$ cat work_14.csv   # CSV, C-alpha atoms
chain,number,residue,atom,x,y,z
A,1,MET,CA,85.6,141.7,113.4
A,2,THR,CA,87.7,139.4,115.7
A,3,LYS,CA,90.4,141.1,117.8
A,4,ARG,CA,93.4,138.9,119.0
A,5,VAL,CA,94.9,140.1,122.3
A,6,ASN,CA,97.3,138.9,125.0
A,7,LEU,CA,96.3,139.0,128.7
A,8,ALA,CA,98.7,139.8,131.6
A,9,LEU,CA,97.2,138.7,134.9
A,10,GLN,CA,98.5,140.1,138.1
A,11,GLY,CA,98.8,138.2,141.4
A,12,GLY,CA,97.0,139.3,144.6
A,13,GLY,CA,95.7,136.3,146.5
A,14,ALA,CA,91.9,136.2,146.9
A,15,HIS,CA,91.7,139.5,145.0
A,16,GLY,CA,92.3,137.3,141.9
A,17,ALA,CA,88.5,136.9,141.9
A,18,PHE,CA,88.4,140.3,140.2
A,19,THR,CA,90.4,138.7,137.3
A,20,TRP,CA,87.9,135.8,137.3
A,21,GLY,CA,85.2,138.4,136.6
A,22,VAL,CA,87.2,140.1,133.9
A,23,LEU,CA,87.8,136.8,132.1
A,24,ASP,CA,84.2,135.7,132.5
A,25,ARG,CA,83.1,138.9,130.7
A,26,LEU,CA,85.7,138.6,127.9
A,27,LEU,CA,84.5,135.1,127.2
A,28,ASP,CA,81.0,136.5,126.6
A,29,ASP,CA,82.4,138.6,123.6
A,30,GLU,CA,83.1,136.4,120.7
A,31,ARG,CA,84.8,139.3,118.9
A,32,ILE,CA,87.7,138.8,121.4
A,33,GLU,CA,90.2,136.0,120.9
A,34,ILE,CA,92.8,135.4,123.6
A,35,ALA,CA,96.1,134.5,122.0
A,36,ALA,CA,98.3,134.2,125.1
A,37,LEU,CA,98.2,134.6,128.8
A,38,THR,CA,101.0,135.4,131.3
A,39,GLY,CA,100.1,135.1,134.9
A,40,THR,CA,101.6,135.2,138.4
A,41,SER,CA,100.2,133.8,141.7
A,42,ALA,CA,96.4,134.1,141.6
A,43,GLY,CA,96.9,135.3,138.0
A,44,ALA,CA,98.7,132.0,137.3
A,45,LEU,CA,95.8,130.0,138.7
A,46,ASN,CA,93.3,132.0,136.6
A,47,ALA,CA,95.4,131.6,133.5
A,48,ALA,CA,95.8,127.9,134.0
A,49,ALA,CA,92.1,127.4,134.5
A,50,PHE,CA,91.3,129.5,131.5
A,51,LYS,CA,93.8,127.6,129.3
A,52,ALA,CA,92.7,124.2,130.4
A,53,GLY,CA,89.0,124.9,129.8
A,54,MET,CA,89.7,126.5,126.4
A,55,ALA,CA,91.7,123.5,125.3
A,56,GLN,CA,89.0,121.1,126.4
A,57,ASP,CA,85.7,122.8,125.5
A,58,GLY,CA,86.3,126.3,124.2
A,59,ARG,CA,84.7,129.3,125.9
A,60,ASP,CA,82.1,127.2,127.8
A,61,GLY,CA,85.0,125.0,129.1
A,62,ALA,CA,87.0,128.0,130.2
A,63,ARG,CA,84.1,129.5,132.1
A,64,ALA,CA,83.3,126.2,133.8
A,65,THR,CA,87.0,125.5,134.8
A,66,MET,CA,87.3,129.0,136.3
A,67,ASP,CA,84.0,128.6,138.2
A,68,ARG,CA,85.3,125.3,139.7
A,69,LEU,CA,88.6,126.8,140.6
A,70,TRP,CA,87.0,129.6,142.6
A,71,ALA,CA,84.4,127.2,144.1
A,72,ARG,CA,87.4,125.3,145.5
A,73,MET,CA,88.9,128.6,146.7
A,74,GLY,CA,85.8,129.4,148.6
A,75,ALA,CA,84.1,131.6,146.0
A,76,VAL,CA,80.5,132.1,145.1
A,77,GLY,CA,79.1,128.7,144.0
A,78,ASP,CA,80.9,126.8,146.7
A,79,MET,CA,78.5,124.1,148.0
A,80,ARG,CA,79.5,125.1,151.6
A,81,MET,CA,78.0,128.5,151.2
A,82,PRO,CA,74.2,129.0,151.2
A,83,SER,CA,73.2,130.5,147.9
A,84,TRP,CA,71.4,133.4,149.5
A,85,MET,CA,74.8,134.8,150.8
A,86,ALA,CA,75.8,135.6,147.2
A,87,GLY,CA,73.4,138.4,147.2
A,88,ILE,CA,74.5,140.0,150.4
A,89,ASP,CA,76.0,143.5,150.0
A,90,ALA,CA,79.7,143.2,150.9
A,91,ALA,CA,80.1,147.0,151.6
A,92,PRO,CA,79.3,146.8,155.3
A,93,LEU,CA,81.6,143.7,155.6
A,94,LEU,CA,84.4,145.6,153.9
A,95,LYS,CA,84.2,148.3,156.5
A,96,VAL,CA,84.3,145.8,159.3
A,97,ILE,CA,87.4,144.1,157.7
A,98,GLN,CA,89.1,147.5,157.3
A,99,MET,CA,88.6,148.1,161.1
A,100,ALA,CA,89.6,144.6,162.1
A,101,ALA,CA,92.5,144.2,159.7
A,102,PRO,CA,95.3,145.4,162.0
A,103,PHE,CA,94.2,142.8,164.5
A,104,SER,CA,94.0,139.9,162.1
A,105,PRO,CA,95.6,136.8,163.8
A,106,ILE,CA,96.4,135.4,160.4
A,107,GLU,CA,98.4,138.5,159.4
A,108,ALA,CA,100.1,138.5,162.8
A,109,LEU,CA,101.1,134.9,162.6
A,110,SER,CA,102.4,135.3,159.0
A,111,GLN,CA,104.8,138.0,160.2
A,112,SER,CA,106.0,136.2,163.3
A,113,ILE,CA,106.1,132.4,162.5
A,114,SER,CA,108.2,130.9,159.7
A,115,PRO,CA,106.4,128.3,157.5
A,116,TYR,CA,109.3,126.0,158.3
A,117,ALA,CA,108.3,126.0,162.0
A,118,TYR,CA,105.5,123.5,161.3
A,119,GLY,CA,108.0,120.7,160.5
A,120,PRO,CA,106.3,117.5,159.3
A,121,PHE,CA,102.9,119.0,159.8
A,122,TYR,CA,103.4,121.6,157.1
A,123,ARG,CA,101.0,121.4,154.1
A,124,ASN,CA,100.6,123.9,151.3
A,125,PRO,CA,96.8,124.6,151.4
A,126,LEU,CA,96.8,125.4,147.6
A,127,ARG,CA,98.2,122.0,146.6
A,128,PRO,CA,94.8,120.2,146.6
A,129,VAL,CA,93.3,123.0,144.6
A,130,VAL,CA,96.1,123.0,141.9
A,131,GLU,CA,96.3,119.3,141.7
A,132,GLN,CA,92.8,119.2,140.3
A,133,PHE,CA,93.9,120.9,137.1
A,134,ASP,CA,94.0,118.7,134.0
A,135,PHE,CA,97.7,119.3,133.1
A,136,GLY,CA,97.3,117.6,129.8
A,137,ALA,CA,94.9,120.4,128.9
A,138,VAL,CA,97.0,123.1,130.7
A,139,CYS,CA,100.1,122.1,128.7
A,140,ALA,CA,98.2,121.3,125.4
A,141,ASP,CA,99.2,122.9,122.1
A,142,ALA,CA,95.5,123.8,121.6
A,143,GLY,CA,94.2,127.1,123.1
A,144,PRO,CA,96.2,130.2,124.0
A,145,ASP,CA,99.9,130.2,124.9
A,146,LEU,CA,100.5,130.1,128.6
A,147,PHE,CA,103.3,131.5,130.7
A,148,ILE,CA,103.7,131.2,134.5
A,149,CYS,CA,106.1,133.3,136.5
A,150,ALA,CA,108.0,132.5,139.6
A,151,THR,CA,111.1,133.9,141.4
A,152,SER,CA,114.3,132.0,142.0
A,153,VAL,CA,115.2,132.3,145.7
A,154,GLN,CA,118.9,131.8,145.1
A,155,THR,CA,119.4,134.1,142.1
A,156,GLY,CA,116.5,136.5,142.5
A,157,LYS,CA,115.7,136.2,138.8
A,158,VAL,CA,112.3,135.5,137.2
A,159,ARG,CA,111.7,132.1,135.7
A,160,VAL,CA,108.9,131.7,133.2
A,161,PHE,CA,107.4,128.3,132.8
A,162,SER,CA,105.7,127.4,129.6
A,163,GLY,CA,104.5,124.4,127.6
A,164,ARG,CA,105.3,121.0,129.3
A,165,GLU,CA,107.3,122.8,132.1
A,166,ILE,CA,104.0,123.9,133.7
A,167,SER,CA,103.1,121.6,136.5
A,168,THR,CA,101.5,121.6,140.0
A,169,ASP,CA,104.8,122.7,141.5
A,170,ALA,CA,105.3,125.5,138.9
A,171,ILE,CA,101.9,127.1,139.8
A,172,LEU,CA,102.5,126.6,143.5
A,173,ALA,CA,105.9,128.3,143.1
A,174,SER,CA,104.3,131.2,141.3
A,175,ALA,CA,101.9,131.6,144.3
A,176,CYS,CA,104.5,131.0,147.1
A,177,LEU,CA,104.4,133.9,149.5
A,178,PRO,CA,107.5,133.2,151.6
A,179,HIS,CA,106.1,134.3,154.9
A,180,LEU,CA,103.2,131.8,154.4
A,181,PHE,CA,104.5,128.9,152.4
A,182,GLN,CA,107.7,126.9,152.2
A,183,ALA,CA,109.7,127.5,149.0
A,184,VAL,CA,108.8,125.2,146.2
A,185,GLU,CA,111.7,123.2,144.7
A,186,ILE,CA,111.8,122.5,141.0
A,187,GLU,CA,114.6,121.1,138.9
A,188,ASN,CA,116.6,123.6,136.9
A,189,PRO,CA,116.8,122.1,133.4
A,190,GLU,CA,120.2,123.8,132.8
A,191,THR,CA,121.9,122.4,135.9
A,192,GLY,CA,119.8,119.3,136.7
A,193,GLU,CA,119.7,120.5,140.3
A,194,ALA,CA,116.6,121.4,142.4
A,195,GLU,CA,116.1,125.2,142.7
A,196,ALA,CA,113.9,126.9,145.3
A,197,TYR,CA,111.2,129.3,144.1
A,198,TRP,CA,109.0,132.0,145.7
A,199,ASP,CA,106.1,134.1,144.4
A,200,GLY,CA,106.6,135.4,140.9
A,201,GLY,CA,105.3,138.8,142.0
A,202,TYR,CA,108.7,139.9,143.2
A,203,THR,CA,110.2,139.7,139.7
A,204,GLY,CA,107.3,139.6,137.3
A,205,ASN,CA,103.8,140.5,138.3
A,206,PRO,CA,103.3,139.3,135.7
A,207,ALA,CA,106.2,139.1,133.3
A,208,LEU,CA,105.3,140.9,130.0
A,209,PHE,CA,108.3,140.0,127.9
A,210,PRO,CA,107.0,136.5,126.9
A,211,LEU,CA,104.3,138.3,125.0
A,212,PHE,CA,106.7,140.1,122.8
A,213,GLN,CA,107.0,137.2,120.3
A,214,THR,CA,106.3,138.2,116.7
A,215,SER,CA,103.8,135.4,116.4
A,216,LEU,CA,101.6,137.0,119.1
A,217,PRO,CA,99.4,140.1,118.7
A,218,ASP,CA,100.6,143.6,119.6
A,219,ASP,CA,97.9,144.2,122.2
A,220,VAL,CA,98.6,143.4,125.9
A,221,ILE,CA,95.7,143.9,128.3
A,222,VAL,CA,97.0,144.0,131.9
A,223,VAL,CA,94.4,143.0,134.5
A,224,ASN,CA,95.7,145.0,137.4
A,225,ILE,CA,94.6,144.1,141.0
A,226,ASN,CA,97.2,146.0,143.0
A,227,PRO,CA,96.5,149.7,143.2
A,228,LEU,CA,99.1,151.8,141.4
A,229,LEU,CA,98.0,155.0,143.2
A,230,ARG,CA,96.9,155.8,146.8
A,231,SER,CA,96.2,159.4,147.5
A,232,GLU,CA,96.8,159.3,151.2
A,233,VAL,CA,100.1,158.6,153.0
A,234,PRO,CA,99.8,155.5,155.2
A,235,LYS,CA,100.2,156.2,158.9
A,236,THR,CA,99.3,153.0,160.9
A,237,ALA,CA,101.6,150.0,161.0
A,238,HIS,CA,99.0,148.0,159.1
A,239,GLU,CA,98.5,150.7,156.4
A,240,ILE,CA,102.3,151.0,155.9
A,241,GLN,CA,102.8,147.2,155.5
A,242,ASN,CA,99.9,147.1,153.1
A,243,ARG,CA,101.3,149.8,150.9
A,244,ILE,CA,104.8,148.3,151.0
A,245,ASN,CA,103.1,145.1,149.8
A,246,GLU,CA,101.4,146.9,146.9
A,247,ILE,CA,104.5,148.8,145.8
A,248,SER,CA,106.6,145.6,145.9
A,249,PHE,CA,104.2,143.7,143.8
A,250,ASN,CA,103.8,146.5,141.3
A,251,SER,CA,107.5,147.3,140.8
A,252,SER,CA,108.3,144.7,138.3
A,253,LEU,CA,105.3,145.5,136.2
A,254,LEU,CA,106.2,149.2,136.2
A,255,ARG,CA,109.7,148.5,135.2
A,256,GLU,CA,108.5,146.6,132.1
A,257,LEU,CA,106.0,149.3,131.3
A,258,ARG,CA,108.7,151.9,131.5
A,259,ALA,CA,110.8,149.8,129.1
A,260,ILE,CA,107.9,149.6,126.7
A,261,SER,CA,107.4,153.3,126.9
A,262,PHE,CA,111.1,153.9,126.1
A,263,VAL,CA,111.0,151.6,123.0
A,264,GLN,CA,107.8,153.4,121.9
A,265,ARG,CA,109.6,156.8,122.0
A,266,LEU,CA,112.5,155.4,120.1
A,267,LEU,CA,110.2,154.0,117.4
A,268,THR,CA,108.2,157.3,117.2
A,269,ASP,CA,111.2,159.6,116.8
A,270,GLY,CA,112.9,157.3,114.3
A,271,THR,CA,115.9,156.5,116.5
A,272,LEU,CA,115.0,152.8,116.3
A,273,GLU,CA,114.1,151.4,112.9
A,274,ARG,CA,110.5,150.0,112.7
A,275,GLY,CA,110.6,146.2,112.7
A,276,ARG,CA,113.7,146.0,114.9
A,277,MET,CA,111.6,145.8,118.0
A,278,LYS,CA,107.9,145.1,118.5
A,279,ARG,CA,105.6,148.0,119.1
A,280,VAL,CA,103.4,146.8,122.0
A,281,LEU,CA,100.0,148.4,122.6
A,282,VAL,CA,99.3,148.4,126.3
A,283,HIS,CA,95.8,148.5,127.9
A,284,MET,CA,94.7,148.0,131.5
A,285,ILE,CA,91.6,146.8,133.2
A,286,ALA,CA,91.4,147.7,136.9
A,287,ASP,CA,89.2,149.0,139.7
A,288,ASP,CA,91.4,151.0,141.9
A,289,ASP,CA,88.5,152.5,143.8
A,290,LEU,CA,87.5,149.0,145.1
A,291,MET,CA,91.0,147.8,145.6
A,292,THR,CA,92.0,150.7,147.7
A,293,ARG,CA,89.2,149.7,150.1
A,294,LEU,CA,90.7,146.3,150.5
A,295,SER,CA,94.0,145.2,152.1
A,296,VAL,CA,96.4,142.4,152.4
A,297,THR,CA,94.0,140.8,154.9
A,298,THR,CA,91.3,140.2,152.2
A,299,LYS,CA,94.0,138.8,149.9
A,300,LEU,CA,94.7,136.1,152.5
A,301,ILE,CA,91.1,135.2,153.4
A,302,PRO,CA,88.7,134.2,150.6
A,303,ILE,CA,85.5,135.5,152.1
A,304,PRO,CA,82.5,134.5,149.8
A,305,GLN,CA,80.8,137.9,149.9
A,306,VAL,CA,84.0,139.7,149.1
A,307,LEU,CA,84.9,137.3,146.3
A,308,HIS,CA,81.4,137.8,144.8
A,309,THR,CA,81.9,141.6,144.9
A,310,LEU,CA,85.3,141.2,143.3
A,311,LYS,CA,84.0,139.0,140.5
A,312,GLN,CA,81.1,141.4,139.8
A,313,ALA,CA,83.6,144.4,139.8
A,314,GLY,CA,85.8,142.6,137.3
A,315,HIS,CA,82.9,141.8,135.1
A,316,ARG,CA,81.8,145.5,135.1
A,317,ALA,CA,85.4,146.7,134.5
A,318,ALA,CA,85.8,144.5,131.5
A,319,GLU,CA,82.5,145.5,130.1
A,320,HIS,CA,83.4,149.2,130.5
A,321,PHE,CA,86.7,148.5,128.8
A,322,LEU,CA,85.1,146.8,125.8
A,323,ASP,CA,82.4,149.5,125.5
A,324,SER,CA,85.1,152.2,125.6
A,325,HIS,CA,88.1,150.7,123.8
A,326,PHE,CA,87.1,147.7,121.6
A,327,ASP,CA,87.7,149.7,118.5
A,328,ASP,CA,91.2,150.8,119.8
A,329,LEU,CA,92.4,147.2,119.9
A,330,GLY,CA,95.0,146.6,117.2
A,331,GLU,CA,95.1,150.3,116.5
A,332,ASN,CA,95.8,152.5,119.6
A,333,GLN,CA,97.2,152.1,123.1
A,334,THR,CA,94.7,153.1,125.7
A,335,ILE,CA,96.9,154.0,128.7
A,336,ASP,CA,99.3,156.9,128.5
A,337,LEU,CA,102.7,155.5,129.5
A,338,GLN,CA,104.3,158.9,128.7
A,339,GLU,CA,102.1,160.5,131.4
A,340,MET,CA,102.6,157.6,133.8
A,341,PHE,CA,106.4,158.0,133.7
A,342,GLY,CA,106.7,161.7,133.0
$ encode --input "work_14.csv" --output "structure tokens"
Amino acid sequence: MTKRVNLALQGGGAHGAFTWGVLDRLLDDERIEIAALTGTSAGALNAAAFKAGMAQDGRDGARATMDRLWARMGAVGDMRMPSWMAGIDAAPLLKVIQMAAPFSPIEALSQSISPYAYGPFYRNPLRPVVEQFDFGAVCADAGPDLFICATSVQTGKVRVFSGREISTDAILASACLPHLFQAVEIENPETGEAEAYWDGGYTGNPALFPLFQTSLPDDVIVVNINPLLRSEVPKTAHEIQNRINEISFNSSLLRELRAISFVQRLLTDGTLERGRMKRVLVHMIADDDLMTRLSVTTKLIPIPQVLHTLKQAGHRAAEHFLDSHFDDLGENQTIDLQEMFG
């Protein structure tokens, strides 16, 4: 029996390789049909690659397009990386990165130098990667619906790009961390004027509301790559900054999940008539144990061994989800929102 689902793909820089692994595993299961994807930052890149590949050549096309994306991002399969490195255990490397993270020159520069300081020498390093997408396929009617989230600098509101609105600049805007990249300017169709955008994670990581259309299935699978819970209180400057980053980029998702939980309660107790609002069934694929061992440093540096570890972890997490919850899809929600917000 085929189950139609929506996917919500979080942003998180190079940690998006985890989502690559999740999508790769979901493609293996022909019982799963992806009806729509909403994505922010790295989630937007993954979603665009998935959509383009599906529109061009179905599941094989989606897998090949994502593989090419992450090869360009420095992932396993990159021709610059000897194939034997893919088998190296990343665990020792992660320990070294944890120790060295507070002294990362990239992190220090990002906190002290404005991206506008480079003047005419500024280039967005993601542009050559994104420009290689076939936007005829990304914006095609075929394949799943696609929604890309960015944040308006002037208004602080989320903007969701869909259909023919999706472009190189829309995806770059979705992934525009303001301390690393200059704001991306895109015309506002309502005013006709250029509007500046930053990373969509500040207002929708990712935005879930585009998936509430009645034409789309009830199930929303959130692929979460920013840890919701850390048991220890951060003490060092680096740990504090890292946790602030995680909380900031989870806050918009948590707000939407709280709203879904509220509607579910109203529907359950009869306060809200069934059919007035959609009853969304929320699921989540994550690996918080791995993500808590990473930091903002590994988000910014696509180290091949770490990316390989992330992809494999995403593959395993998706497999575990399918083994445990495939039968729940279309029937039951598999995360307890009442407990989460109790």
$ closest_atom_pairs --input "work_14.csv" --of "stretch 145-260 of chain A" --to "stretch 272-280 of chain A" --cutoff "8 Å" --atoms "all atoms listed in the file" --output "tab-separated table"
residue	atom	partner	partner_atom	distance
A:Phe212	CA	A:Lys278	CA	6.7
A:Thr214	CA	A:Lys278	CA	7.3
A:Asp218	CA	A:Val280	CA	4.9
A:Asp219	CA	A:Val280	CA	6.1
A:Val220	CA	A:Val280	CA	7.1
A:Ile260	CA	A:Val280	CA	7.1
$ closest_residue --input "work_14.csv" --among "A:Asp289, A:Glu195, A:Asp169, A:Asp60" --to "A:Val129" --atoms "all atoms listed in the file"
A:Asp169
$ atom_distance --input "work_14.csv" --atom1 "atom CA of A:Pro128" --atom2 "atom CA of A:Lys157"
27.5 Å
$ residues_around --input "work_14.csv" --residues "A:Ser114" --least-positions-apart "6" --cutoff "12 Å" --atoms "all atoms listed in the file" --output "PyMOL selection string"
chain A and resi 108+122+177-183
$ atom_distance --input "work_14.csv" --atom1 "atom CA of A:Ala175" --atom2 "atom CA of A:Asp199"
4.9 Å
$ atom_distance --input "work_14.csv" --atom1 "atom CA of A:Ala49" --atom2 "atom CA of A:Leu281"
25.4 Å
$ closest_residue --input "work_14.csv" --among "A:Glu319, A:Asp134, A:Asp24, A:Asp29" --to "A:Ile285" --atoms "all atoms listed in the file"
A:Glu319
$ residues_around --input "work_14.csv" --residues "A:Phe341" --least-positions-apart "4" --cutoff "12 Å" --atoms "all atoms listed in the file" --output "ChimeraX atom specification"
/A:254-262,335-337
$ closest_residue --input "work_14.csv" --among "A:Asp67, A:Glu185, A:Glu246, A:Asp145" --to "A:Ala36" --atoms "all atoms listed in the file"
A:Asp145
$ closest_residue --input "work_14.csv" --among "A:Lys235, A:Arg68, A:Lys299, A:Arg63" --to "A:Gly11" --atoms "only C-alpha atoms"
A:Lys299
$ closest_residue --input "work_14.csv" --among "A:Tyr197, A:Phe50, A:Phe326, A:Phe121" --to "A:Leu7" --atoms "only C-alpha atoms"
A:Phe50
$ closest_residue --input "work_14.csv" --among "A:His308, A:Arg123, A:Lys51, A:Arg72" --to "A:Cys139" --atoms "only C-alpha atoms"
A:Lys51
